[in-house]
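Written out below as structure tokens is the structure these notes cover.
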Amino acid sequence: MPLNRLVDSGVPFQPDVQQTTLGLDVLSRYVTNTWDEAVNNGGAPFHAIVIGGGMFGAYCATQIFRRGASNGLRVLVLDAGPFVVGTHLQNLPRLGLFEPQPLLPSADPGVARSLVWGMPWRSNVAWVGQAYCVGGKSLYWGGWCPRLLASDLSAWPPSVAAYLSAHYSTLEQQTGVDVRTDFIQGHLYTLLSARASALLGGALANLDAVEEPPLAVQGDPPAAGLFSFDKFSSVTLLVDAAREAANQADSQRRLFVVPNAHVARLQASGGAVTGVQVSVNGSMRTLPVSSQTSVVLALGTIESTRMALASFPRSSNAAQELMGRNLMGHVRIDTYARIRRTALDPSNSLPAVLQTAALLLRGSTPQGVFHIQVTASADPGGNSDALLFTMIPDIDQLGGILASQQDGWISLALRGSSQMFGDATTSVPNGSGRWLNLSPFESDEFGVPRAYVQMITSTQEDALANAMENTMLSFLQQLAGGNPADLQVLSTTRNGLGTTYHEAGTLWMGTTPTTSVTDTNGRFHHIANAYCADQSLFVTVGSVNPTLTGLTLARKVSEAVVARATGAPPPP
């Protein structure tokens with residue numbers, strides 16, 4: 001059995017590595033620390049405390065650590081879950097870790113599913129839940145990483161929109177998106193791109209653009225002599241920063257990552273966070289926080305908003321309280337199909353053995369925008385993603401897989417995502433919109449009210465999703481040359497509203513406290529030392545996956561936190 005707490009194992013490993021029944025806990029010991037190691041080492045107070053070590057928290061903490069190096073800034077990351085792996089799961093061969101199936105929160109078993117997944121909120125729809133582990137959903141995410149359109153950003157504060165536009169390219173380079181065809185290339189990609197581009201302005205009136213796939217995977221090395229980064233996960237950046245920080249004694253160390261540290265609530269007084277209440281291995285601790293320390297919420301939209309609602313002063317007048325409004329997400333539709341090879345490739349230009357191709361299609365109607373992620377391969381099982389993002393370390397096995405794809409049909413998967421629109425003006429709760437608030441009926445194991453999330457779609461959003469679905473089917477029909485005998489639509493599924501991980505907007509950014517919750521650097525208007533660094537900050541969500549925008553905002557928040565600690569001007 002694993003040891004419940006870190007003690008001297010009596011074996012000559014330095015630093016002391018716990019020996020379990022089956023192995024050595026090297027990764028966790030070399031990357032993370034205990035509570036006492038982090039906060040009781042005699043060092044200076046932390047300049048930043050980041051709550052949540054997932055996609056955005058891990059990136060924000062790493063940026064604060066690196067940007068604050070010349071000023072000796074110290075950073076503490078608190079994550080409610082354990083350390084599991086130090087990279088995206090798809091960079092590992094067949095590990096077998098997957099997210100669980102969605103379920104209604106009322107059916108929550110109260111124990112972790114698939115090792116780390118919990119369901120901390122309640123709702124009217126089914127959800128997959130929260131990944132309680134260092135790295136969070138950045139270990140699991142799908143990897144599509146497109147930009148918001150200029151039209152999506154038109155409602156954002158101009159300074160934030162300008163920052164995103166100027167810095168998207170930096171995050172595209174970080175995630176591997178900047179060279180879009182170093183991972184997806186070949187004959188099938190070339191053919192599919194040409195066939196799709198020929199439909200613009202013609203057969204598919206709602207199709208606006210065909211783009212190279214913005215996949216967060218680096219297939220080629222970034223420079224000579226370096227390994228490629230593979231599929232992006234923020235946990236890899238956090239691991240590297242933690243190992244760099246470990247070169248110093250604990251009292252001088254500038255970055256600590258403490259797992260299994262569940263922040264239950266923040267204490268706030270006088271317009272500032274004054275303490276962090278944390279459950280560490282079942283024992284409640286309180287970490288005092290000075291007004292000079294910045295506290296960053298990076299728990300994901302629902303839990304960051306719940307933490308803010310449960311910890312910060314709120315208006316007694318629901319018509320004036322903004323936190324929890326403006327909830328957005330996406331309507332997701334998945335279609336799997338097969339097209340006869342001779343129909344897709346009437347000139348017989350494709351080789352017998354094919355690899356996977358991918359495209360991003362952007363579309364619109366008067367109701368809003370949508371995009372469609374297209375993947376294609378000759379997988380005989382009908383799953384065009386079978387080899388996408390898959391580590392196959394055995395060259396003999398890979399050869400056999402590719403040889404089995406000499407088939408008369410091409411498999412395609414179309415994953416559509418259509419826009420939702422936030423409502424920042426209607427008070428919460430209400431019976432007709434999307435929102436989240438604190439449940440008056442149920443509290444968690446720490447006595448803090450759970451969040452309740454209402455997810456529905458409007459008539460406008462339904463019409464947009466229907467148009468997207470029709471475009472997806474028409475696209476397949478056009479690729480098949482209009483012959484029903486050459487097209488097999490295997491399934492079309494409209495996914496549940498709680499299954500996309502794209503919820504956003506409930507702590508949106510703005511320039512004034514009467515029309516927004518946070519300022520243009522993610523700081524709460526009414527709390528001087530509290531920031532948010534996740535999708536909660538979004539003003540609009542467009543139709544695209546939120547990762548690229550979320551990471552870019554987390555970078556902006558990190559700049560603001562460092563500026564606050566050093567006395568420099570914050571970003572505009």
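In the structure tokens, each chain is lettered A, B, ... as it comes, each chain's residues begin at 1, and ligands are numbered from 1 in order of appearance.
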Quick one: residues within 12 Å of A:Ala48, only C-alpha atoms counted, chain neighbours fewer than 3 positions away excluded, as a PyMOL selection string?
chain A and resi 44-45+51+57+60-65+68+72-78+254-256+273+289-297+529-531+557-566
Neighbour list for stretch 539-542 of chain A as a PyMOL selection string, cut-off 10 Å, only C-alpha atoms, skip fewer than 4 positions in-chain
chain A and resi 147-157+326-330+368-371+417-422+424+502-510+516+535+546+549
Selection file, C-alpha atoms, as a PDB file, in the first residue's frame:
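Result written to again15.pdb:
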ATOM      1  CA  ARG A 147      -8.197  31.594 -32.411  1.00  0.00           C
ATOM      2  CA  LEU A 148     -11.298  33.614 -31.707  1.00  0.00           C
ATOM      3  CA  LEU A 149     -12.356  35.637 -34.734  1.00  0.00           C
ATOM      4  CA  ALA A 150     -12.082  39.416 -34.808  1.00  0.00           C
ATOM      5  CA  SER A 151     -15.889  39.518 -34.763  1.00  0.00           C
ATOM      6  CA  ASP A 152     -15.855  37.403 -31.577  1.00  0.00           C
ATOM      7  CA  LEU A 153     -13.495  39.896 -29.927  1.00  0.00           C
ATOM      8  CA  SER A 154     -15.470  42.995 -30.885  1.00  0.00           C
ATOM      9  CA  ALA A 155     -17.372  42.932 -27.570  1.00  0.00           C
ATOM     10  CA  TRP A 156     -14.207  42.551 -25.464  1.00  0.00           C
ATOM     11  CA  PRO A 157     -12.416  45.515 -23.880  1.00  0.00           C
ATOM     12  CA  ASN A 326     -22.979  35.394 -18.727  1.00  0.00           C
ATOM     13  CA  LEU A 327     -22.533  31.594 -18.693  1.00  0.00           C
ATOM     14  CA  MET A 328     -21.690  30.292 -22.155  1.00  0.00           C
ATOM     15  CA  GLY A 329     -20.534  27.077 -23.777  1.00  0.00           C
ATOM     16  CA  HIS A 330     -20.971  25.337 -27.109  1.00  0.00           C
ATOM     17  CA  GLY A 368     -23.973  33.159 -35.244  1.00  0.00           C
ATOM     18  CA  VAL A 369     -20.774  31.245 -36.016  1.00  0.00           C
ATOM     19  CA  PHE A 370     -19.733  27.611 -35.908  1.00  0.00           C
ATOM     20  CA  HIS A 371     -16.740  25.492 -36.783  1.00  0.00           C
ATOM     21  CA  SER A 417     -19.175  23.334 -32.337  1.00  0.00           C
ATOM     22  CA  SER A 418     -21.651  26.204 -32.497  1.00  0.00           C
ATOM     23  CA  GLN A 419     -21.761  29.473 -30.627  1.00  0.00           C
ATOM     24  CA  MET A 420     -23.685  30.295 -27.456  1.00  0.00           C
ATOM     25  CA  PHE A 421     -24.411  33.832 -26.306  1.00  0.00           C
ATOM     26  CA  GLY A 422     -23.987  35.131 -22.768  1.00  0.00           C
ATOM     27  CA  ALA A 424     -24.809  39.602 -18.470  1.00  0.00           C
ATOM     28  CA  HIS A 502     -16.057  24.731 -22.814  1.00  0.00           C
ATOM     29  CA  GLU A 503     -18.192  26.551 -20.223  1.00  0.00           C
ATOM     30  CA  ALA A 504     -16.999  30.130 -19.788  1.00  0.00           C
ATOM     31  CA  GLY A 505     -17.872  33.738 -19.023  1.00  0.00           C
ATOM     32  CA  THR A 506     -19.187  33.958 -15.461  1.00  0.00           C
ATOM     33  CA  LEU A 507     -16.390  36.260 -14.165  1.00  0.00           C
ATOM     34  CA  TRP A 508     -16.046  38.221 -17.387  1.00  0.00           C
ATOM     35  CA  MET A 509     -13.549  41.018 -17.948  1.00  0.00           C
ATOM     36  CA  GLY A 510     -14.411  44.678 -18.394  1.00  0.00           C
ATOM     37  CA  SER A 516     -18.103  43.365 -15.416  1.00  0.00           C
ATOM     38  CA  GLN A 535     -12.294  30.590 -19.007  1.00  0.00           C
ATOM     39  CA  PRO A 546     -11.232  27.991 -25.506  1.00  0.00           C
ATOM     40  CA  THR A 549      -7.586  32.198 -25.662  1.00  0.00           C
TER      41      THR A 549
END
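Computed from the coordinates, the atom CA of A:Tyr140 to atom CA of A:Leu97 distance equals 8.8 Å.
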Just asking: which residues within stretch 358-559 of chain A are strand (DSSP E or B) according to DSSP, as a ChimeraX atom specification?
/A:358-365,368-377,409-419,435-443,449-454,487-494,498,504,509,518,523-524,530-532
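Near A:Gln130, within 9 Å and counting only C-alpha atoms, sit Val116, Trp117, Gly118, Met119, Pro120, Gly136, Lys137 and Gly300 of chain A, not including residues fewer than 4 positions from it in the same chain.
Here atom CA of A:Leu412 stands at a distance of 23.5 Å from atom CA of A:Leu89.
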Using DSSP on the backbone coordinates, identify the residues of stretch 185-397 of chain A assigned to helix (DSSP H, G or I); present them as a PyMOL selection string.
chain A and resi 187-197+234-245+301-311+341-344+395-397
Please write the residues from the selection above to a file, keeping C-alpha atoms, as a compact mmCIF listing (two decimals), in the first residue's frame.
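For reference, result04.txt as written:
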# COMPACT_ATOMS: atom_id res chain seq x y z
CA HIS A 187 -1.69 12.82 -49.78
CA LEU A 188 -5.01 12.48 -47.96
CA TYR A 189 -4.61 15.88 -46.29
CA THR A 190 -3.79 17.53 -49.62
CA LEU A 191 -6.78 15.95 -51.34
CA LEU A 192 -9.24 16.67 -48.53
CA SER A 193 -8.10 20.30 -48.30
CA ALA A 194 -8.52 20.79 -52.04
CA ARG A 195 -11.96 19.16 -52.09
CA ALA A 196 -13.17 21.26 -49.15
CA SER A 197 -11.76 24.53 -50.53
CA SER A 234 0.61 22.72 -19.17
CA VAL A 235 1.77 20.15 -16.64
CA THR A 236 5.00 19.69 -18.61
CA LEU A 237 5.84 23.38 -18.17
CA LEU A 238 5.04 23.20 -14.46
CA VAL A 239 7.23 20.11 -14.00
CA ASP A 240 10.18 21.83 -15.66
CA ALA A 241 9.74 24.97 -13.55
CA ALA A 242 9.41 22.94 -10.34
CA ARG A 243 12.61 21.06 -11.11
CA GLU A 244 14.43 24.33 -11.81
CA ALA A 245 13.17 25.75 -8.51
CA THR A 301 -15.28 28.33 -14.77
CA ILE A 302 -17.69 26.67 -12.35
CA GLU A 303 -15.41 26.14 -9.36
CA SER A 304 -13.61 29.50 -9.69
CA THR A 305 -16.99 31.24 -9.72
CA ARG A 306 -18.21 29.18 -6.78
CA MET A 307 -15.05 30.07 -4.82
CA ALA A 308 -15.61 33.75 -5.55
CA LEU A 309 -19.29 33.60 -4.61
CA ALA A 310 -18.54 31.69 -1.39
CA SER A 311 -15.56 33.82 -0.34
CA ARG A 341 -12.50 5.93 -51.83
CA THR A 342 -13.31 6.16 -55.54
CA ALA A 343 -15.88 8.90 -54.82
CA LEU A 344 -13.55 10.98 -52.67
CA ILE A 395 7.57 0.07 -35.64
CA ASP A 396 6.41 -3.45 -36.52
CA GLN A 397 3.02 -2.80 -34.93
For stretch 449-464 of chain A, list every protein, DNA or RNA residue within 6 Å, evaluated using only C-alpha atoms, and leave out those in the same chain fewer than 2 positions away; present the list as number ranges by chain.
A: 121-124, 306, 367, 434-439, 442-444, 466-467
Between atom CA of A:Ser349 and atom CA of A:Gly481 lies a distance of 16.3 Å
Can you work out which one of A:Arg314, A:Arg338, A:Arg415, A:Lys231 has the shortest atom-to-atom distance to A:Leu490, counting only C-alpha atoms?
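Among the listed residues, A:Arg338 lies closest to A:Leu490.
Distance check against A:Phe538 using only C-alpha atoms: of A:Leu115, A:Leu476, A:Ala319, A:Val160, the minimum falls on A:Val160.
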